[in-house]
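S.K.: Got a file for you: data-v5.cif, mmCIF, C-alpha atoms.
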data_entry
loop_
_atom_site.label_atom_id
_atom_site.label_comp_id
_atom_site.auth_asym_id
_atom_site.auth_seq_id
_atom_site.Cartn_x
_atom_site.Cartn_y
_atom_site.Cartn_z
CA MET N 1 0.00 0.00 0.00
CA ASN N 2 1.20 3.51 -0.80
CA SER N 3 2.30 4.91 2.55
CA LYS N 4 2.17 8.47 1.21
CA ARG N 5 -1.60 8.42 0.93
CA PRO N 6 -3.26 11.01 3.17
CA VAL N 7 -4.77 9.41 6.25
CA ASN N 8 -7.49 10.90 8.42
CA LEU N 9 -7.87 9.16 11.73
CA ASP N 10 -9.55 12.09 13.49
CA ILE N 11 -12.98 10.58 13.99
CA THR N 12 -14.45 13.92 15.06
CA THR N 13 -14.05 15.25 11.49
CA ILE N 14 -15.66 12.25 9.80
CA ARG N 15 -19.36 12.32 8.90
CA LEU N 16 -20.75 9.17 10.44
CA PRO N 17 -23.11 6.90 8.45
CA LEU N 18 -26.48 5.84 9.88
CA PRO N 19 -25.23 2.44 11.18
CA ALA N 20 -22.67 4.35 13.28
CA TYR N 21 -25.47 6.25 15.02
CA THR N 22 -27.48 3.08 15.69
CA SER N 23 -24.30 1.52 17.09
CA ILE N 24 -23.71 4.50 19.40
CA LEU N 25 -27.35 4.31 20.52
CA HIS N 26 -26.82 0.62 21.25
CA ARG N 27 -23.96 1.60 23.56
CA VAL N 28 -25.89 4.44 25.20
CA SER N 29 -28.91 2.19 25.82
CA GLY N 30 -26.57 -0.43 27.30
CA VAL N 31 -25.14 2.03 29.80
CA ILE N 32 -28.65 3.21 30.72
CA LEU N 33 -29.70 -0.39 31.33
CA PHE N 34 -26.62 -1.11 33.42
CA VAL N 35 -27.53 1.76 35.74
CA GLY N 36 -31.24 0.91 35.52
CA ILE N 37 -30.68 -2.63 36.79
CA GLY N 38 -30.18 -1.13 40.24
CA PHE N 39 -33.72 0.28 40.14
CA LEU N 40 -35.13 -2.96 38.74
CA LEU N 41 -33.52 -5.01 41.51
CA TYR N 42 -34.86 -2.57 44.09
CA GLY N 43 -38.34 -2.99 42.59
CA LEU N 44 -38.01 -6.79 42.50
CA ASP N 45 -36.85 -6.82 46.12
CA LEU N 46 -39.80 -4.68 47.23
CA SER N 47 -42.36 -6.60 45.14
CA LEU N 48 -41.34 -10.01 46.52
CA ASP N 49 -40.80 -8.88 50.10
CA SER N 50 -44.47 -8.81 51.19
CA PRO N 51 -47.97 -7.97 49.91
CA GLU N 52 -47.45 -4.54 51.52
CA GLY N 53 -44.19 -4.07 49.59
CA PHE N 54 -45.94 -5.12 46.38
CA ALA N 55 -48.72 -2.59 47.00
CA ALA N 56 -46.19 0.13 47.86
CA LEU N 57 -44.36 -0.50 44.59
CA GLN N 58 -47.63 -0.43 42.63
CA GLU N 59 -48.50 2.89 44.22
CA CYS N 60 -45.04 4.28 43.47
CA MET N 61 -45.23 3.09 39.84
CA ALA N 62 -48.55 4.89 39.36
CA HIS N 63 -46.78 8.25 39.75
CA PRO N 64 -46.29 10.09 36.41
CA VAL N 65 -42.53 10.53 37.03
CA ALA N 66 -42.15 6.82 37.81
CA LYS N 67 -44.10 5.98 34.65
CA PHE N 68 -41.80 8.19 32.62
CA ILE N 69 -38.68 6.56 34.09
CA THR N 70 -40.19 3.11 33.48
CA TRP N 71 -40.94 4.04 29.89
CA GLY N 72 -37.36 5.32 29.49
CA LEU N 73 -35.90 2.07 30.82
CA VAL N 74 -38.26 -0.08 28.76
CA SER N 75 -37.35 2.00 25.69
CA ALA N 76 -33.64 1.44 26.30
CA LEU N 77 -34.32 -2.28 26.74
CA LEU N 78 -36.40 -2.52 23.54
CA TYR N 79 -33.83 -0.63 21.48
CA HIS N 80 -30.94 -2.66 22.90
CA PHE N 81 -32.91 -5.85 22.21
CA VAL N 82 -33.69 -4.97 18.59
CA ALA N 83 -30.16 -3.72 17.86
CA GLY N 84 -28.79 -6.87 19.52
CA ILE N 85 -30.90 -9.12 17.29
CA LYS N 86 -29.54 -7.21 14.28
CA HIS N 87 -26.04 -7.86 15.60
CA LEU N 88 -26.73 -11.60 15.83
CA LEU N 89 -28.12 -11.57 12.28
CA MET N 90 -24.95 -9.82 11.09
CA ASP N 91 -22.90 -12.48 12.90
CA ILE N 92 -24.48 -15.11 10.66
CA GLY N 93 -23.75 -12.97 7.61
CA ILE N 94 -27.02 -11.11 7.05
CA GLY N 95 -26.86 -7.38 6.36
CA GLU N 96 -23.10 -6.92 6.36
CA GLU N 97 -22.72 -4.99 3.11
CA LYS N 98 -22.77 -1.21 2.81
CA GLU N 99 -26.31 -0.98 1.47
CA SER N 100 -27.83 -3.80 3.51
CA GLY N 101 -26.07 -2.43 6.60
CA LYS N 102 -27.87 0.86 6.07
CA THR N 103 -31.18 -0.94 5.55
CA GLY N 104 -30.56 -2.90 8.76
CA ALA N 105 -29.89 0.31 10.68
CA MET N 106 -33.09 1.87 9.33
CA MET N 107 -35.08 -1.27 10.23
CA THR N 108 -33.56 -1.26 13.73
CA LEU N 109 -34.72 2.31 14.24
CA ALA N 110 -38.16 1.75 12.70
CA ILE N 111 -38.93 -1.43 14.66
CA SER N 112 -37.66 0.16 17.89
CA VAL N 113 -39.80 3.27 17.45
CA VAL N 114 -42.91 1.14 16.91
CA LEU N 115 -42.16 -0.98 20.00
CA ILE N 116 -41.32 2.08 22.11
CA VAL N 117 -44.60 3.76 21.15
CA LEU N 118 -46.51 0.55 21.96
CA ALA N 119 -44.72 0.36 25.32
CA GLY N 120 -45.74 3.96 26.02
CA VAL N 121 -49.38 3.15 25.25
CA TRP N 122 -49.15 0.11 27.52
CA ILE N 123 -47.60 2.03 30.43
CA TRP N 124 -50.10 4.94 30.32
CA MET B 1 2.46 -4.97 21.73
CA VAL B 2 -1.11 -4.47 22.82
CA THR B 3 -1.67 -5.61 26.35
CA ASN B 4 -5.24 -5.97 27.54
CA ALA B 5 -5.45 -6.92 31.16
CA THR B 6 -8.97 -5.72 31.96
CA ASN B 7 -11.10 -7.44 29.35
CA PHE B 8 -13.42 -10.21 30.50
CA SER B 9 -11.58 -13.33 29.42
CA ARG B 10 -8.12 -12.21 28.21
CA SER B 11 -9.24 -13.13 24.70
CA GLY B 12 -11.23 -11.07 22.23
CA LEU B 13 -12.75 -14.15 20.62
CA SER B 14 -13.83 -15.54 23.96
CA ASP B 15 -15.31 -12.16 24.96
CA TRP B 16 -17.18 -12.18 21.66
CA ILE B 17 -18.72 -15.58 22.44
CA VAL B 18 -19.55 -14.56 26.03
CA GLN B 19 -21.31 -11.46 24.67
CA ARG B 20 -23.45 -13.55 22.27
CA VAL B 21 -24.33 -16.40 24.62
CA SER B 22 -25.25 -14.01 27.44
CA ALA B 23 -27.28 -11.95 24.94
CA ILE B 24 -29.35 -14.99 24.02
CA VAL B 25 -30.04 -15.83 27.70
CA LEU B 26 -31.01 -12.20 28.32
CA ALA B 27 -33.24 -12.10 25.25
CA ALA B 28 -35.00 -15.29 26.38
CA PHE B 29 -35.50 -13.88 29.89
CA THR B 30 -36.78 -10.57 28.51
CA VAL B 31 -39.29 -12.27 26.21
CA PHE B 32 -40.43 -14.56 29.02
CA MET B 33 -40.92 -11.70 31.51
CA LEU B 34 -42.69 -9.56 28.93
CA GLY B 35 -44.97 -12.48 28.03
CA PHE B 36 -45.71 -13.23 31.68
CA VAL B 37 -46.58 -9.63 32.52
CA LEU B 38 -48.70 -9.21 29.37
CA MET B 39 -50.59 -12.46 30.00
CA ASN B 40 -51.36 -11.46 33.59
CA PRO B 41 -53.03 -8.06 33.44
CA GLY B 42 -53.83 -6.66 36.87
CA MET B 43 -50.98 -8.68 38.40
CA ASP B 44 -51.32 -9.36 42.12
CA TYR B 45 -48.79 -10.33 44.77
CA ASP B 46 -49.79 -14.02 44.79
CA THR B 47 -49.30 -14.53 41.04
CA TRP B 48 -46.01 -12.64 41.11
CA GLY B 49 -44.75 -14.30 44.30
CA ASP B 50 -45.72 -17.79 43.09
CA LEU B 51 -43.63 -17.33 39.95
CA PHE B 52 -40.50 -16.50 41.95
CA GLU B 53 -41.24 -19.31 44.45
CA GLN B 54 -40.47 -21.83 41.70
CA THR B 55 -36.94 -23.21 41.71
CA TRP B 56 -36.73 -23.13 37.91
CA MET B 57 -37.65 -19.44 37.94
CA ARG B 58 -34.97 -18.68 40.53
CA VAL B 59 -32.43 -20.60 38.46
CA PHE B 60 -33.57 -18.82 35.28
CA THR B 61 -33.42 -15.40 36.97
CA LEU B 62 -29.99 -16.04 38.46
CA MET B 63 -28.79 -17.27 35.07
CA ALA B 64 -30.07 -14.04 33.51
CA LEU B 65 -28.39 -11.96 36.22
CA ILE B 66 -25.02 -13.69 35.79
CA SER B 67 -25.37 -13.35 32.00
CA LEU B 68 -26.14 -9.69 32.52
CA LEU B 69 -22.98 -9.14 34.53
CA ALA B 70 -20.73 -10.87 31.99
CA HIS B 71 -22.55 -9.02 29.18
CA ALA B 72 -22.20 -5.70 30.97
CA TRP B 73 -18.53 -6.26 31.71
CA VAL B 74 -17.72 -6.88 28.04
CA GLY B 75 -19.88 -3.90 27.06
CA MET B 76 -18.57 -1.45 29.65
CA TRP B 77 -15.00 -2.58 28.98
CA THR B 78 -15.50 -1.85 25.27
CA ILE B 79 -16.96 1.57 26.02
CA THR B 80 -14.33 2.57 28.58
CA THR B 81 -11.44 1.49 26.36
CA ASP B 82 -13.00 3.27 23.35
CA TYR B 83 -13.79 6.61 24.97
CA LEU B 84 -11.76 6.94 28.17
CA ASN B 85 -8.52 6.81 26.21
CA ASP B 86 -5.39 8.93 25.82
CA ARG B 87 -6.95 10.89 22.96
CA ALA B 88 -9.83 12.02 25.16
CA LEU B 89 -8.15 12.31 28.52
CA GLY B 90 -4.40 12.53 27.97
CA THR B 91 -2.08 11.10 30.57
CA SER B 92 -4.76 10.59 33.21
CA ALA B 93 -6.67 8.18 30.94
CA LEU B 94 -5.35 5.02 32.56
CA VAL B 95 -6.27 6.10 36.07
CA VAL B 96 -9.74 7.37 35.07
CA ARG B 97 -10.48 4.29 32.98
CA PHE B 98 -9.37 1.94 35.71
CA ALA B 99 -11.44 3.82 38.31
CA VAL B 100 -14.57 3.63 36.11
CA GLN B 101 -13.99 -0.06 35.42
CA ALA B 102 -13.53 -0.69 39.13
CA ALA B 103 -16.80 1.14 39.87
CA CYS B 104 -18.53 -1.05 37.25
CA GLY B 105 -17.04 -4.15 38.85
CA ILE B 106 -18.23 -3.15 42.31
CA ALA B 107 -21.73 -2.39 40.95
CA MET B 108 -21.86 -5.77 39.18
CA PHE B 109 -20.75 -7.72 42.23
CA THR B 110 -23.30 -5.84 44.35
CA TYR B 111 -26.05 -6.62 41.83
CA LEU B 112 -25.14 -10.29 41.97
CA VAL B 113 -25.14 -10.60 45.77
CA TRP B 114 -28.30 -8.51 46.01
CA GLY B 115 -30.00 -10.66 43.36
CA VAL B 116 -29.16 -13.89 45.23
CA GLN B 117 -30.47 -12.30 48.42
CA ILE B 118 -33.75 -11.32 46.73
CA LEU B 119 -34.28 -14.69 45.06
CA TRP B 120 -33.51 -16.85 48.06
CA GLY B 121 -34.70 -14.36 50.66
CA LEU B 122 -31.64 -14.64 52.89
#
Would you mind giving the structure from this file in structure tokens?
M.R.:
Amino acid sequence: MNSKRPVNLDITTIRLPLPAYTSILHRVSGVILFVGIGFLLYGLDLSLDSPEGFAALQECMAHPVAKFITWGLVSALLYHFVAGIKHLLMDIGIGEEKESGKTGAMMTLAISVVLIVLAGVWIW
Amino acid sequence: MVTNATNFSRSGLSDWIVQRVSAIVLAAFTVFMLGFVLMNPGMDYDTWGDLFEQTWMRVFTLMALISLLAHAWVGMWTITTDYLNDRALGTSALVVRFAVQAACGIAMFTYLVWGVQILWGL
């Protein structure tokens, strides 16, 4: 390879393609879930502790702020799930090319948005 | 020479497999929980408690939790080594990265012990 070719390794100056954004979102949703697990374990602990604990959690979850946080966590989970399935499909060789990769990223976003909206309807 | 001492299994290929296998366990658990909650509208304490009384459910939940921790370690390691690097942080990168990874490790271990405590009611 010609070593005199200009090389740009400064990622901040490169316009990222759509699959790069879905990949970053996959990472962001993963971090959100990692932190969120603490809240989920707290909820599980309370819900299994006693009927009173279960009722207290139900009451807490009925609060609009709690519903919003729940929706946020469920959204992160749904997106991470869908993007993860796409990853597994790519592992077996589906959607690895430039064009199909873009289609896969668009499908990941579209399917996630539909699921996230459905989750919102379910929660409220 | 690249020396990675903080990744999950000392091997990229092995980490890759761990990430996939744990993902499948987590996907199965997610689908199961979603299905259970959707099929039991107006969930009460008895239905919920009975589910987690079952040994298989405790095993399944603990399996999901352990998968989650392995999955999260590989994920958080990837993120910390990608972003908390010399380019972003200069000479303090190693210390910051190690501190964040240590915090992740402490959180994961706490989640695990807490999860066992919840499931077996110690």
S.K.: How would you write as a VMD selection string the residues that get within 12 Å of (-35.5, -9.3, 47.5) in the file's frame, counting only C-alpha atoms?
M.R.: (chain N and resid 40 to 50 53 to 54) or (chain B and resid 49 52 to 53 58 111 to 122)
S.K.: Would you mind telling me which residue in B:Val59, B:Val96, B:Ile17, B:Ala102 lies nearest to chain N when using only C-alpha atoms?
M.R.: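 So, comparing all the options, the nearest one is B:Ile17.
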S.K.: For chain N, which residue among B:Arg20, B:Ala103, B:Pro41, B:Val95 is the nearest when counting only C-alpha atoms?
M.R.: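 Closest residue, counting only C-alpha atoms: B:Arg20.
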S.K.: Which residue is closest to chain N? Choose from B:Val31, B:Ala72, B:Leu62, B:Val100 and count all atoms listed in the file.
M.R.: B:Ala72
S.K.: Could you list, as a CSV table (one decimal) with C-alpha atoms, in the coordinates of the input, every residue matched by the PyMOL selection byres ((chain N) within 12 of (chain B)) in this structure?
M.R.:
chain,number,residue,atom,x,y,z
N,9,LEU,CA,-7.9,9.2,11.7
N,10,ASP,CA,-9.6,12.1,13.5
N,11,ILE,CA,-13.0,10.6,14.0
N,12,THR,CA,-14.4,13.9,15.1
N,23,SER,CA,-24.3,1.5,17.1
N,24,ILE,CA,-23.7,4.5,19.4
N,26,HIS,CA,-26.8,0.6,21.2
N,27,ARG,CA,-24.0,1.6,23.6
N,28,VAL,CA,-25.9,4.4,25.2
N,29,SER,CA,-28.9,2.2,25.8
N,30,GLY,CA,-26.6,-0.4,27.3
N,31,VAL,CA,-25.1,2.0,29.8
N,32,ILE,CA,-28.6,3.2,30.7
N,33,LEU,CA,-29.7,-0.4,31.3
N,34,PHE,CA,-26.6,-1.1,33.4
N,35,VAL,CA,-27.5,1.8,35.7
N,36,GLY,CA,-31.2,0.9,35.5
N,37,ILE,CA,-30.7,-2.6,36.8
N,38,GLY,CA,-30.2,-1.1,40.2
N,39,PHE,CA,-33.7,0.3,40.1
N,40,LEU,CA,-35.1,-3.0,38.7
N,41,LEU,CA,-33.5,-5.0,41.5
N,42,TYR,CA,-34.9,-2.6,44.1
N,43,GLY,CA,-38.3,-3.0,42.6
N,44,LEU,CA,-38.0,-6.8,42.5
N,45,ASP,CA,-36.8,-6.8,46.1
N,46,LEU,CA,-39.8,-4.7,47.2
N,47,SER,CA,-42.4,-6.6,45.1
N,48,LEU,CA,-41.3,-10.0,46.5
N,49,ASP,CA,-40.8,-8.9,50.1
N,50,SER,CA,-44.5,-8.8,51.2
N,51,PRO,CA,-48.0,-8.0,49.9
N,52,GLU,CA,-47.4,-4.5,51.5
N,53,GLY,CA,-44.2,-4.1,49.6
N,54,PHE,CA,-45.9,-5.1,46.4
N,55,ALA,CA,-48.7,-2.6,47.0
N,56,ALA,CA,-46.2,0.1,47.9
N,57,LEU,CA,-44.4,-0.5,44.6
N,58,GLN,CA,-47.6,-0.4,42.6
N,74,VAL,CA,-38.3,-0.1,28.8
N,77,LEU,CA,-34.3,-2.3,26.7
N,78,LEU,CA,-36.4,-2.5,23.5
N,80,HIS,CA,-30.9,-2.7,22.9
N,81,PHE,CA,-32.9,-5.8,22.2
N,82,VAL,CA,-33.7,-5.0,18.6
N,83,ALA,CA,-30.2,-3.7,17.9
N,84,GLY,CA,-28.8,-6.9,19.5
N,85,ILE,CA,-30.9,-9.1,17.3
N,86,LYS,CA,-29.5,-7.2,14.3
N,87,HIS,CA,-26.0,-7.9,15.6
N,88,LEU,CA,-26.7,-11.6,15.8
N,89,LEU,CA,-28.1,-11.6,12.3
N,90,MET,CA,-25.0,-9.8,11.1
N,91,ASP,CA,-22.9,-12.5,12.9
N,92,ILE,CA,-24.5,-15.1,10.7
N,119,ALA,CA,-44.7,0.4,25.3
N,122,TRP,CA,-49.2,0.1,27.5
N,123,ILE,CA,-47.6,2.0,30.4
S.K.: Could you tell me which of B:Phe98, B:Gln19, B:Thr61, B:Thr47 comes closest to Asn85 in chain B if we count only C-alpha atoms?
M.R.: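 Result for the nearest residue to Asn85 in chain B: B:Phe98.
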S.K.: Enumerate, as an MDAnalysis selection string, the residues matched when the PyMOL selection byres ((chain N and resi 98-115) around 7) is run on the file above.
M.R.: chainID N and resid 18:19 22 78:79 82:83 95:97 116:119
S.K.: Please dump the current selection as a PDB file, in the frame of the given file; keep C-alpha atoms.
M.R.:
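Generated file (again37.pdb):
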ATOM      1  CA  LEU N  18     -26.480   5.840   9.880  1.00  0.00           C
ATOM      2  CA  PRO N  19     -25.230   2.440  11.180  1.00  0.00           C
ATOM      3  CA  THR N  22     -27.480   3.080  15.690  1.00  0.00           C
ATOM      4  CA  LEU N  78     -36.400  -2.520  23.540  1.00  0.00           C
ATOM      5  CA  TYR N  79     -33.830  -0.630  21.480  1.00  0.00           C
ATOM      6  CA  VAL N  82     -33.690  -4.970  18.590  1.00  0.00           C
ATOM      7  CA  ALA N  83     -30.160  -3.720  17.860  1.00  0.00           C
ATOM      8  CA  GLY N  95     -26.860  -7.380   6.360  1.00  0.00           C
ATOM      9  CA  GLU N  96     -23.100  -6.920   6.360  1.00  0.00           C
ATOM     10  CA  GLU N  97     -22.720  -4.990   3.110  1.00  0.00           C
ATOM     11  CA  ILE N 116     -41.320   2.080  22.110  1.00  0.00           C
ATOM     12  CA  VAL N 117     -44.600   3.760  21.150  1.00  0.00           C
ATOM     13  CA  LEU N 118     -46.510   0.550  21.960  1.00  0.00           C
ATOM     14  CA  ALA N 119     -44.720   0.360  25.320  1.00  0.00           C
TER      15      ALA N 119
END
